[in-house]
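As provided, work-v3.cif (mmCIF, C-alpha atoms) reads as follows.
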```
data_protein
#
loop_
_atom_site.label_atom_id
_atom_site.label_comp_id
_atom_site.auth_asym_id
_atom_site.auth_seq_id
_atom_site.Cartn_x
_atom_site.Cartn_y
_atom_site.Cartn_z
CA MET R 975 0.00 0.00 0.00
CA GLU R 976 2.76 2.47 0.91
CA GLU R 977 4.32 2.01 -2.54
CA ASN R 978 1.18 3.48 -4.10
CA PHE R 979 2.02 6.86 -2.59
CA LYS R 980 5.58 7.10 -3.87
CA LEU R 981 5.85 9.86 -6.43
CA THR R 982 6.09 8.61 -10.02
CA ASN R 983 5.23 11.82 -11.86
CA ALA R 984 7.92 14.11 -13.23
CA VAL R 985 8.69 17.15 -11.09
CA GLU R 986 9.57 20.56 -12.50
CA LEU R 987 11.26 22.44 -9.66
CA LYS R 988 10.41 26.11 -9.16
CA GLU R 989 12.56 28.71 -7.47
CA SER R 990 9.94 29.45 -4.83
CA LEU R 991 6.53 28.26 -3.68
CA ALA R 992 3.96 29.62 -1.26
CA THR R 993 0.62 28.42 0.02
CA LYS R 994 -1.72 28.66 3.03
CA TRP R 995 -4.20 26.08 4.26
CA GLN R 996 -6.47 25.66 7.24
CA ALA R 997 -7.46 22.29 8.63
CA PRO R 998 -9.82 21.49 11.50
CA SER R 999 -9.47 19.29 14.51
CA ASN R 1000 -11.75 16.28 14.78
CA ILE R 1001 -13.42 14.44 17.62
CA ALA R 1002 -13.46 10.64 17.53
CA LEU R 1003 -16.70 8.88 18.35
CA VAL R 1004 -15.21 5.39 18.21
CA LYS R 1005 -11.73 5.94 19.63
CA TYR R 1006 -8.38 4.97 18.15
CA TRP R 1007 -6.14 3.97 21.06
CA GLY R 1008 -3.05 1.89 20.43
CA LYS R 1009 -0.89 1.65 17.34
CA HIS R 1010 1.72 -0.49 15.62
CA GLY R 1011 4.32 -0.07 12.91
CA LEU R 1012 4.63 3.48 11.64
CA GLN R 1013 1.51 5.24 12.87
CA LEU R 1014 -0.86 2.39 12.02
CA PRO R 1015 -3.96 2.04 14.22
CA ALA R 1016 -4.58 -0.98 16.41
CA ASN R 1017 -8.32 -0.54 15.82
CA PRO R 1018 -10.53 1.44 13.43
CA SER R 1019 -12.11 4.74 14.43
CA ILE R 1020 -14.64 7.24 13.14
CA SER R 1021 -14.79 10.94 13.91
CA PHE R 1022 -16.79 14.09 13.36
CA THR R 1023 -14.80 16.81 11.64
CA LEU R 1024 -14.97 20.13 13.49
CA ASP R 1025 -15.28 23.59 11.99
CA ALA R 1026 -14.19 26.46 14.26
CA CYS R 1027 -11.29 24.62 15.95
CA ARG R 1028 -8.70 24.96 13.20
CA THR R 1029 -5.01 25.34 12.51
CA ILE R 1030 -4.07 27.87 9.85
CA THR R 1031 -0.65 27.18 8.33
CA SER R 1032 1.28 29.16 5.74
CA VAL R 1033 4.38 27.71 4.10
CA LYS R 1034 6.97 29.38 1.89
CA ALA R 1035 9.48 27.17 0.11
CA SER R 1036 12.69 28.33 -1.56
CA GLN R 1037 15.13 26.20 -3.52
CA GLY R 1038 18.15 25.00 -1.58
CA LYS R 1039 19.28 22.20 0.70
CA HIS R 1040 16.40 20.78 2.70
CA SER R 1041 15.80 22.59 5.98
CA PHE R 1042 12.92 24.30 7.73
CA SER R 1043 11.94 26.89 10.30
CA ILE R 1044 8.77 26.73 12.37
CA SER R 1045 6.97 29.62 14.08
CA TYR R 1046 3.66 30.29 15.78
CA ASP R 1047 2.25 33.71 14.88
CA GLY R 1048 5.73 34.72 13.78
CA GLU R 1049 7.43 33.63 17.02
CA ALA R 1050 9.91 30.74 16.79
CA ILE R 1051 8.74 27.60 18.62
CA PRO R 1052 11.76 25.32 19.09
CA GLU R 1053 9.69 22.74 20.98
CA PHE R 1054 7.85 21.95 17.70
CA VAL R 1055 11.08 21.28 15.78
CA PRO R 1056 11.51 17.56 16.65
CA LYS R 1057 7.97 16.71 15.53
CA ILE R 1058 8.34 18.56 12.21
CA GLU R 1059 11.78 17.06 11.67
CA ALA R 1060 10.41 13.56 12.21
CA TYR R 1061 7.53 14.31 9.85
CA PHE R 1062 9.81 15.43 7.00
CA LYS R 1063 11.97 12.32 7.45
CA ARG R 1064 8.92 10.07 7.27
CA ILE R 1065 7.51 11.66 4.11
CA ALA R 1066 10.86 12.00 2.28
CA SER R 1067 10.50 8.78 0.27
CA TYR R 1068 6.98 9.74 -0.80
CA CYS R 1069 7.78 13.36 -1.66
CA PRO R 1070 11.47 13.28 -2.71
CA TRP R 1071 11.28 16.82 -4.10
CA ILE R 1072 11.31 18.21 -0.53
CA ALA R 1073 15.07 17.54 -0.48
CA ASN R 1074 15.44 20.57 -2.76
CA TYR R 1075 13.68 23.13 -0.57
CA HIS R 1076 13.94 25.17 2.59
CA PHE R 1077 10.52 25.56 4.20
CA GLU R 1078 9.37 28.53 6.29
CA ILE R 1079 6.36 27.35 8.27
CA ASP R 1080 4.13 29.65 10.29
CA THR R 1081 1.09 28.32 12.10
CA HIS R 1082 -1.78 29.51 14.26
CA ASN R 1083 -4.50 27.69 16.21
CA THR R 1084 -7.97 29.08 16.81
CA PHE R 1085 -8.06 27.09 20.07
CA PRO R 1086 -5.68 26.18 22.92
CA HIS R 1087 -3.09 23.59 21.86
CA SER R 1088 -2.01 20.62 24.02
CA SER R 1089 -5.20 20.70 26.08
CA GLY R 1090 -7.15 17.65 25.00
CA ILE R 1091 -8.37 19.16 21.74
CA ALA R 1092 -6.53 17.47 18.90
CA SER R 1093 -4.18 20.28 17.88
CA SER R 1094 -1.65 17.81 16.50
CA ALA R 1095 -4.39 16.51 14.20
CA SER R 1096 -5.27 19.91 12.78
CA SER R 1097 -1.66 21.12 12.58
CA MET R 1098 -0.28 18.07 10.78
CA ALA R 1099 -3.30 17.98 8.49
CA ALA R 1100 -2.78 21.63 7.54
CA LEU R 1101 0.94 21.09 6.92
CA SER R 1102 0.24 18.00 4.80
CA ALA R 1103 -2.29 19.96 2.77
CA CYS R 1104 0.43 22.54 2.06
CA VAL R 1105 2.89 19.81 1.03
CA ILE R 1106 0.42 18.17 -1.37
CA ASP R 1107 -0.53 21.59 -2.75
CA PHE R 1108 3.15 22.17 -3.58
CA GLU R 1109 3.43 18.69 -5.09
CA SER R 1110 0.40 19.35 -7.26
CA GLU R 1111 1.97 22.60 -8.48
CA LEU R 1112 5.29 20.90 -9.27
CA THR R 1113 3.78 17.90 -11.07
CA GLY R 1114 0.62 19.35 -12.60
CA VAL R 1115 -1.38 16.52 -10.99
CA PRO R 1116 -4.65 17.37 -9.15
CA LEU R 1117 -4.67 17.35 -5.35
CA ASP R 1118 -4.59 13.78 -4.04
CA TYR R 1119 -6.59 13.77 -0.80
CA HIS R 1120 -5.77 10.14 -0.05
CA LYS R 1121 -2.06 10.94 -0.19
CA MET R 1122 -2.70 14.09 1.84
CA SER R 1123 -4.33 11.94 4.53
CA PHE R 1124 -1.54 9.35 4.25
CA LEU R 1125 1.13 12.01 4.87
CA ALA R 1126 -0.85 13.58 7.72
CA ARG R 1127 -1.02 10.19 9.44
CA LEU R 1128 2.77 10.01 9.42
CA GLY R 1129 2.82 13.24 11.41
CA SER R 1130 -0.04 12.43 13.79
CA GLY R 1131 -2.34 9.44 13.52
CA SER R 1132 -5.63 11.27 14.02
CA ALA R 1133 -4.57 13.99 11.55
CA CYS R 1134 -5.60 11.69 8.71
CA ARG R 1135 -9.22 12.25 9.79
CA SER R 1136 -9.05 16.05 9.44
CA LEU R 1137 -8.83 16.57 5.69
CA GLN R 1138 -11.99 15.70 3.80
CA GLY R 1139 -15.55 15.03 4.90
CA ALA R 1140 -17.88 15.63 7.84
CA ALA R 1141 -17.41 12.08 9.15
CA VAL R 1142 -14.15 10.24 8.53
CA LEU R 1143 -13.34 6.58 9.12
CA TRP R 1144 -9.76 5.41 9.59
CA GLY R 1145 -8.57 1.84 9.99
CA GLU R 1146 -9.39 -1.46 8.36
CA HIS R 1147 -12.92 -2.49 9.24
CA LYS R 1148 -14.55 -5.63 7.86
CA ASP R 1149 -17.93 -3.92 7.48
CA THR R 1150 -16.58 -0.88 5.59
CA GLU R 1151 -15.54 -1.26 1.98
CA GLY R 1152 -12.42 0.73 1.08
CA SER R 1153 -11.34 1.22 4.71
CA SER R 1154 -7.59 1.47 5.23
CA ASN R 1155 -5.03 1.68 8.02
CA HIS R 1156 -3.04 4.10 5.85
CA TYR R 1157 -5.49 6.98 5.40
CA GLY R 1158 -8.93 8.20 6.38
CA ILE R 1159 -11.94 7.87 4.11
CA ASP R 1160 -14.84 10.30 3.83
CA LYS R 1161 -18.03 8.69 5.13
CA SER R 1162 -20.23 11.80 5.04
CA GLU R 1163 -22.78 9.86 3.00
CA LEU R 1164 -23.54 7.88 6.16
CA LEU R 1165 -24.97 10.85 7.97
CA HIS R 1166 -28.69 11.10 8.53
CA PRO R 1167 -29.87 14.74 8.22
CA ILE R 1168 -30.06 15.13 12.01
CA PHE R 1169 -26.28 14.66 12.25
CA LYS R 1170 -25.29 17.00 9.41
CA ASP R 1171 -25.47 20.15 11.54
CA PHE R 1172 -24.59 18.55 14.88
CA GLN R 1173 -23.10 20.92 17.44
CA ASP R 1174 -19.99 20.40 19.56
CA THR R 1175 -19.52 22.72 22.50
CA ILE R 1176 -16.09 22.09 24.02
CA LEU R 1177 -16.05 22.72 27.76
CA LEU R 1178 -12.49 23.69 28.67
CA VAL R 1179 -11.99 22.19 32.09
CA ASP R 1180 -8.21 22.39 31.79
CA LYS R 1181 -6.37 24.46 29.16
CA GLY R 1182 -2.92 23.38 30.30
CA GLU R 1183 -0.56 20.76 28.96
CA LYS R 1184 -1.88 17.20 28.99
CA VAL R 1185 -0.63 14.98 31.81
CA VAL R 1186 0.44 12.31 29.34
CA SER R 1187 1.10 12.71 25.62
CA SER R 1188 -0.99 10.76 23.14
CA THR R 1189 2.15 8.94 21.95
CA ILE R 1190 2.87 7.61 25.45
CA GLY R 1191 -0.80 6.77 25.93
CA HIS R 1192 -0.93 4.73 22.72
CA ASP R 1193 2.24 2.87 23.70
CA LEU R 1194 0.64 1.81 26.97
CA MET R 1195 -1.74 -0.39 24.97
CA ASN R 1196 1.18 -2.68 24.14
CA GLY R 1197 0.81 -5.56 26.57
CA HIS R 1198 -2.29 -4.03 28.20
CA ALA R 1199 -4.31 -6.75 29.94
CA PHE R 1200 -7.53 -5.62 28.25
CA ALA R 1201 -6.14 -4.61 24.84
CA LYS R 1202 -7.45 -7.55 22.79
CA ALA R 1203 -10.99 -7.18 24.12
CA ARG R 1204 -10.85 -3.42 23.59
CA PHE R 1205 -9.81 -3.73 19.95
CA GLU R 1206 -12.62 -6.22 19.31
CA GLN R 1207 -15.07 -3.89 21.06
CA ALA R 1208 -14.04 -0.99 18.83
CA HIS R 1209 -14.79 -3.01 15.68
CA GLU R 1210 -18.23 -3.98 17.01
CA ASN R 1211 -19.02 -0.45 18.19
CA LEU R 1212 -18.04 0.98 14.80
CA THR R 1213 -20.45 -1.37 13.03
CA THR R 1214 -23.24 -0.39 15.42
CA LEU R 1215 -22.48 3.33 15.27
CA LYS R 1216 -22.41 3.40 11.46
CA LYS R 1217 -25.97 2.06 11.44
CA ALA R 1218 -27.04 4.64 14.02
CA LEU R 1219 -25.54 7.47 11.96
CA GLU R 1220 -27.42 6.26 8.87
CA LYS R 1221 -30.76 5.84 10.62
CA GLY R 1222 -30.61 8.94 12.79
CA ASP R 1223 -30.77 6.67 15.85
CA LEU R 1224 -29.81 9.14 18.56
CA GLU R 1225 -30.34 6.70 21.42
CA THR R 1226 -27.76 4.26 20.04
CA PHE R 1227 -25.46 7.12 19.02
CA ILE R 1228 -25.44 8.39 22.61
CA LYS R 1229 -24.91 4.93 24.08
CA ILE R 1230 -21.90 4.12 21.87
CA THR R 1231 -20.35 7.61 21.99
CA GLU R 1232 -20.41 7.93 25.77
CA SER R 1233 -19.30 4.34 26.30
CA GLU R 1234 -16.34 4.85 23.96
CA ALA R 1235 -15.28 7.98 25.84
CA LEU R 1236 -15.36 6.25 29.20
CA THR R 1237 -13.62 3.17 27.80
CA LEU R 1238 -10.74 5.33 26.54
CA HIS R 1239 -10.20 6.67 30.05
CA ALA R 1240 -10.69 3.24 31.60
CA MET R 1241 -7.84 1.91 29.46
CA MET R 1242 -5.58 4.68 30.76
CA MET R 1243 -6.59 4.02 34.34
CA THR R 1244 -5.80 0.30 34.01
CA SER R 1245 -2.48 0.58 32.15
CA HIS R 1246 1.01 0.40 33.67
CA PRO R 1247 1.87 3.10 34.53
CA TYR R 1248 -1.72 4.29 35.05
CA PHE R 1249 -3.13 7.79 34.66
CA ILE R 1250 -6.32 9.60 35.58
CA LEU R 1251 -6.85 12.27 32.93
CA MET R 1252 -10.28 13.45 34.04
CA LYS R 1253 -10.66 16.16 36.66
CA PRO R 1254 -13.37 16.39 39.33
CA GLN R 1255 -15.02 19.04 37.15
CA THR R 1256 -15.12 16.58 34.25
CA LEU R 1257 -17.17 14.16 36.34
CA SER R 1258 -19.44 16.96 37.55
CA ILE R 1259 -20.16 17.97 33.95
CA ILE R 1260 -20.96 14.37 32.99
CA GLU R 1261 -23.39 14.03 35.89
CA GLU R 1262 -25.08 17.33 34.96
CA ILE R 1263 -25.46 16.14 31.35
CA TRP R 1264 -27.02 12.87 32.45
CA ALA R 1265 -29.43 14.65 34.79
CA PHE R 1266 -30.41 17.18 32.10
CA ARG R 1267 -30.98 14.44 29.50
CA LYS R 1268 -33.13 12.43 31.90
CA GLU R 1269 -35.19 15.47 32.90
CA THR R 1270 -35.70 17.01 29.44
CA GLN R 1271 -35.34 14.02 27.08
CA ILE R 1272 -33.11 16.28 24.94
CA PRO R 1273 -30.53 14.06 23.16
CA VAL R 1274 -27.38 15.76 24.39
CA CYS R 1275 -24.34 13.61 25.15
CA PHE R 1276 -20.63 13.87 25.83
CA THR R 1277 -17.38 12.51 24.54
CA LEU R 1278 -13.81 12.97 25.71
CA ASP R 1279 -10.36 12.91 24.19
CA ALA R 1280 -7.29 11.96 26.21
CA GLY R 1281 -7.71 14.89 28.60
CA ALA R 1282 -10.11 16.59 31.00
CA ASN R 1283 -12.15 18.65 28.53
CA VAL R 1284 -15.68 17.62 27.61
CA HIS R 1285 -17.16 17.70 24.11
CA LEU R 1286 -20.90 18.31 24.37
CA LEU R 1287 -22.65 16.88 21.28
CA TYR R 1288 -26.24 17.69 20.32
CA PRO R 1289 -28.56 18.44 17.37
CA SER R 1290 -28.67 22.10 16.34
CA GLU R 1291 -32.41 22.30 16.99
CA HIS R 1292 -31.62 22.17 20.72
CA LYS R 1293 -29.02 24.99 20.74
CA ILE R 1294 -31.12 27.32 22.90
CA ALA R 1295 -31.93 24.73 25.57
CA VAL R 1296 -28.37 23.38 25.68
CA GLY R 1297 -27.02 26.93 25.75
CA GLU R 1298 -29.07 27.56 28.90
CA LEU R 1299 -27.67 24.37 30.42
CA ILE R 1300 -24.14 25.54 29.69
CA ASN R 1301 -24.63 29.06 31.04
CA ASN R 1302 -26.66 28.03 34.08
CA LYS R 1303 -24.75 24.95 35.19
CA LEU R 1304 -21.81 23.77 33.12
CA ASP R 1305 -19.58 26.81 32.59
CA GLN R 1306 -18.87 27.00 36.34
CA TYR R 1307 -16.80 23.83 35.93
CA CYS R 1308 -14.73 25.31 33.07
CA GLN R 1309 -11.42 27.08 33.54
CA ASN R 1310 -12.31 30.80 33.62
CA SER R 1311 -15.81 29.75 32.46
CA HIS R 1312 -14.31 29.22 29.01
CA TYR R 1313 -15.92 27.04 26.37
CA ILE R 1314 -15.81 26.90 22.56
CA CYS R 1315 -18.91 26.63 20.40
CA ASP R 1316 -18.25 24.47 17.36
CA GLN R 1317 -20.13 22.30 14.90
CA ILE R 1318 -19.52 19.70 12.24
CA GLY R 1319 -17.31 20.94 9.39
CA THR R 1320 -16.15 19.56 6.08
CA GLY R 1321 -12.36 19.44 6.23
CA ALA R 1322 -9.28 21.32 5.04
CA LYS R 1323 -9.51 24.40 2.82
CA LYS R 1324 -7.02 26.55 0.99
CA CYS R 1325 -6.94 30.08 2.34
#
```
Entire entry expressed as structure tokens:
Amino acid sequence: MEENFKLTNAVELKESLATKWQAPSNIALVKYWGKHGLQLPANPSISFTLDACRTITSVKASQGKHSFSISYDGEAIPEFVPKIEAYFKRIASYCPWIANYHFEIDTHNTFPHSSGIASSASSMAALSACVIDFESELTGVPLDYHKMSFLARLGSGSACRSLQGAAVLWGEHKDTEGSSNHYGIDKSELLHPIFKDFQDTILLVDKGEKVVSSTIGHDLMNGHAFAKARFEQAHENLTTLKKALEKGDLETFIKITESEALTLHAMMMTSHPYFILMKPQTLSIIEEIWAFRKETQIPVCFTLDAGANVHLLYPSEHKIAVGELINNKLDQYCQNSHYICDQIGTGAKKC
């Protein structure tokens, strides 16, 4: 499969190149947790693509020996250098033309990075979009979104789900034709109308650095006592969730989505070493959501990434009622009462 992404088209080098792309974060419904090989998932996952939570990346390339600089809003960020360096090394055999360029990369997030919102997903997706845009310009070949997703995965696994489509499935899944461990596939056609304008309000319980990086967290699945059962569960949950997304079955959607979120954290709590990534406020928010749903029958639910923040998912028709819940009860549990209102998006775009 990897051989399919090696460049075979002729390249006509240009003295300079410039482009700017924005790519969103995504929130997994069925979680990817655990990997093998080079950024290959231990189980399949499916995510909603977000809209407002984006990384905007501009890249200028000038001919010369391969090198790069990386900045955030014009300020150098040396802590990002190792990740970008590793990314360029991984994509070198698929995009050999990069050996002839120095890259000036400047990036900006519309949301706090390293806080449980997948900033690595949006940032590596945006950078990969810039790389494929350059490759398209140098070869005259149209943008290849599968290769874009393939490259993004080499930078950050979940980044492959941030490029094209409102719902993206990544990982080989027996009930999904065309599914691949190497790139995400657009499954927007699955979505019943009720899901097409779904809202995601992100309750920022903790905007600081994550206690444990995703890379370390994934590694803890190697030899985990419950890993085999978890991977099997993910396959089964994905099959069930796909049907719910098609039918507009909100009850099943809520059941699978919340269970997946809690399972992710359960795996971290039962690994060696073990971690508790939720905060007391996270649990308080979950209990408030459950009480509100029971009282009002409004189909609002939660999911979590590998952190303390809570993603509140609900149909747009309930924005007013859920907004009152947030302002009356939930924002008190957020750091500085801060939350982000987002919704389902469609993927990366050229600026």
Can I get the residues of range 1075-1188 of chain R within 12 Å of range 1038-1049 of chain R, each with the closest pair of atoms and their distance in Å to one decimal, using all atoms listed in the file, sorted chain first then ascending number, as JSON lines?
```
{"residue": "R:Tyr1075", "atom": "CA", "partner": "R:His1040", "partner_atom": "CA", "distance": 4.9}
{"residue": "R:His1076", "atom": "CA", "partner": "R:Ser1041", "partner_atom": "CA", "distance": 4.6}
{"residue": "R:Phe1077", "atom": "CA", "partner": "R:Phe1042", "partner_atom": "CA", "distance": 4.5}
{"residue": "R:Glu1078", "atom": "CA", "partner": "R:Ser1043", "partner_atom": "CA", "distance": 5.0}
{"residue": "R:Ile1079", "atom": "CA", "partner": "R:Ile1044", "partner_atom": "CA", "distance": 4.8}
{"residue": "R:Asp1080", "atom": "CA", "partner": "R:Ser1045", "partner_atom": "CA", "distance": 4.7}
{"residue": "R:Thr1081", "atom": "CA", "partner": "R:Tyr1046", "partner_atom": "CA", "distance": 4.9}
{"residue": "R:His1082", "atom": "CA", "partner": "R:Tyr1046", "partner_atom": "CA", "distance": 5.7}
{"residue": "R:Asn1083", "atom": "CA", "partner": "R:Tyr1046", "partner_atom": "CA", "distance": 8.6}
{"residue": "R:Thr1084", "atom": "CA", "partner": "R:Asp1047", "partner_atom": "CA", "distance": 11.4}
{"residue": "R:His1087", "atom": "CA", "partner": "R:Tyr1046", "partner_atom": "CA", "distance": 11.3}
{"residue": "R:Ser1097", "atom": "CA", "partner": "R:Tyr1046", "partner_atom": "CA", "distance": 11.1}
{"residue": "R:Leu1101", "atom": "CA", "partner": "R:Ile1044", "partner_atom": "CA", "distance": 11.1}
```
Can you write just those residues out, C-alpha atoms, as a PDB file, in the frame of the given file?
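Saved to selection.pdb:
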```
ATOM      1  CA  TYR R1075      13.680  23.130  -0.570  1.00  0.00           C
ATOM      2  CA  HIS R1076      13.940  25.170   2.590  1.00  0.00           C
ATOM      3  CA  PHE R1077      10.520  25.560   4.200  1.00  0.00           C
ATOM      4  CA  GLU R1078       9.370  28.530   6.290  1.00  0.00           C
ATOM      5  CA  ILE R1079       6.360  27.350   8.270  1.00  0.00           C
ATOM      6  CA  ASP R1080       4.130  29.650  10.290  1.00  0.00           C
ATOM      7  CA  THR R1081       1.090  28.320  12.100  1.00  0.00           C
ATOM      8  CA  HIS R1082      -1.780  29.510  14.260  1.00  0.00           C
ATOM      9  CA  ASN R1083      -4.500  27.690  16.210  1.00  0.00           C
ATOM     10  CA  THR R1084      -7.970  29.080  16.810  1.00  0.00           C
ATOM     11  CA  HIS R1087      -3.090  23.590  21.860  1.00  0.00           C
ATOM     12  CA  SER R1097      -1.660  21.120  12.580  1.00  0.00           C
ATOM     13  CA  LEU R1101       0.940  21.090   6.920  1.00  0.00           C
TER      14      LEU R1101
END
```
Residue nearest Ala1322 in chain R - candidates R:Met1122, R:Met1195, R:Ala1050, R:Ala1002, atoms counted: all atoms listed in the file: R:Met1122
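Taking only C-alpha atoms into account, Thr1023 in chain R lies nearest to R:Ala1099 out of the set R:Ala1282, R:Ile1190, R:Ala1099, R:Met1252.
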field: Pick from R:Cys1104, R:Leu1194, R:Leu1251, R:Leu1212, whichever lies nearest to Asp1279 in chain R using only C-alpha atoms
entry: R:Leu1251
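Put simply, CA of Glu1111 in chain R is 18.4 Å away from CA of Ser1067 in chain R.
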- request: May I have the residues within 12 Å of range 1233-1236 of chain R as an MDAnalysis selection string, using only C-alpha atoms and disregarding those fewer than 4 positions away in the same chain?
  value: chainID R and resid 1001:1007 1019:1021 1204:1205 1207:1212 1215 1226:1229 1240:1243 1250:1252 1256:1257 1260 1275:1286
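CA of Leu1224 in chain R is positioned 21.1 Å from CA of Thr1150 in chain R.
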Identify the residues around (5.3, -3.3, 31.9) within a radius of 8 Å, measuring from only C-alpha atoms in the coordinates stated by the file, and give them as a PDB file with C-alpha atoms, keeping the file's coordinate frame.
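Output file out26.pdb follows:
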```pdb
ATOM      1  CA  GLY R1197       0.810  -5.560  26.570  1.00  0.00           C
ATOM      2  CA  HIS R1246       1.010   0.400  33.670  1.00  0.00           C
ATOM      3  CA  PRO R1247       1.870   3.100  34.530  1.00  0.00           C
TER       4      PRO R1247
END
```
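Distances here use only C-alpha atoms; by that measure, the residue among R:Phe1062, R:Phe1022, R:Trp1071, R:Phe1249 closest to Gln1317 in chain R is R:Phe1022.
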- prompt: Leaving out Leu981 in chain R and any residue of its chain fewer than 6 positions from it, which residues lie within 8 Å of it when counting only C-alpha atoms, given as a PyMOL selection string?
  reply: chain R and resi 1068-1070
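Comparing R:Lys1221, R:Lys1253, R:His1010, R:Lys994 by their smallest distance to Ala1035 in chain R, the closest is R:Lys994 (using all atoms listed in the file).
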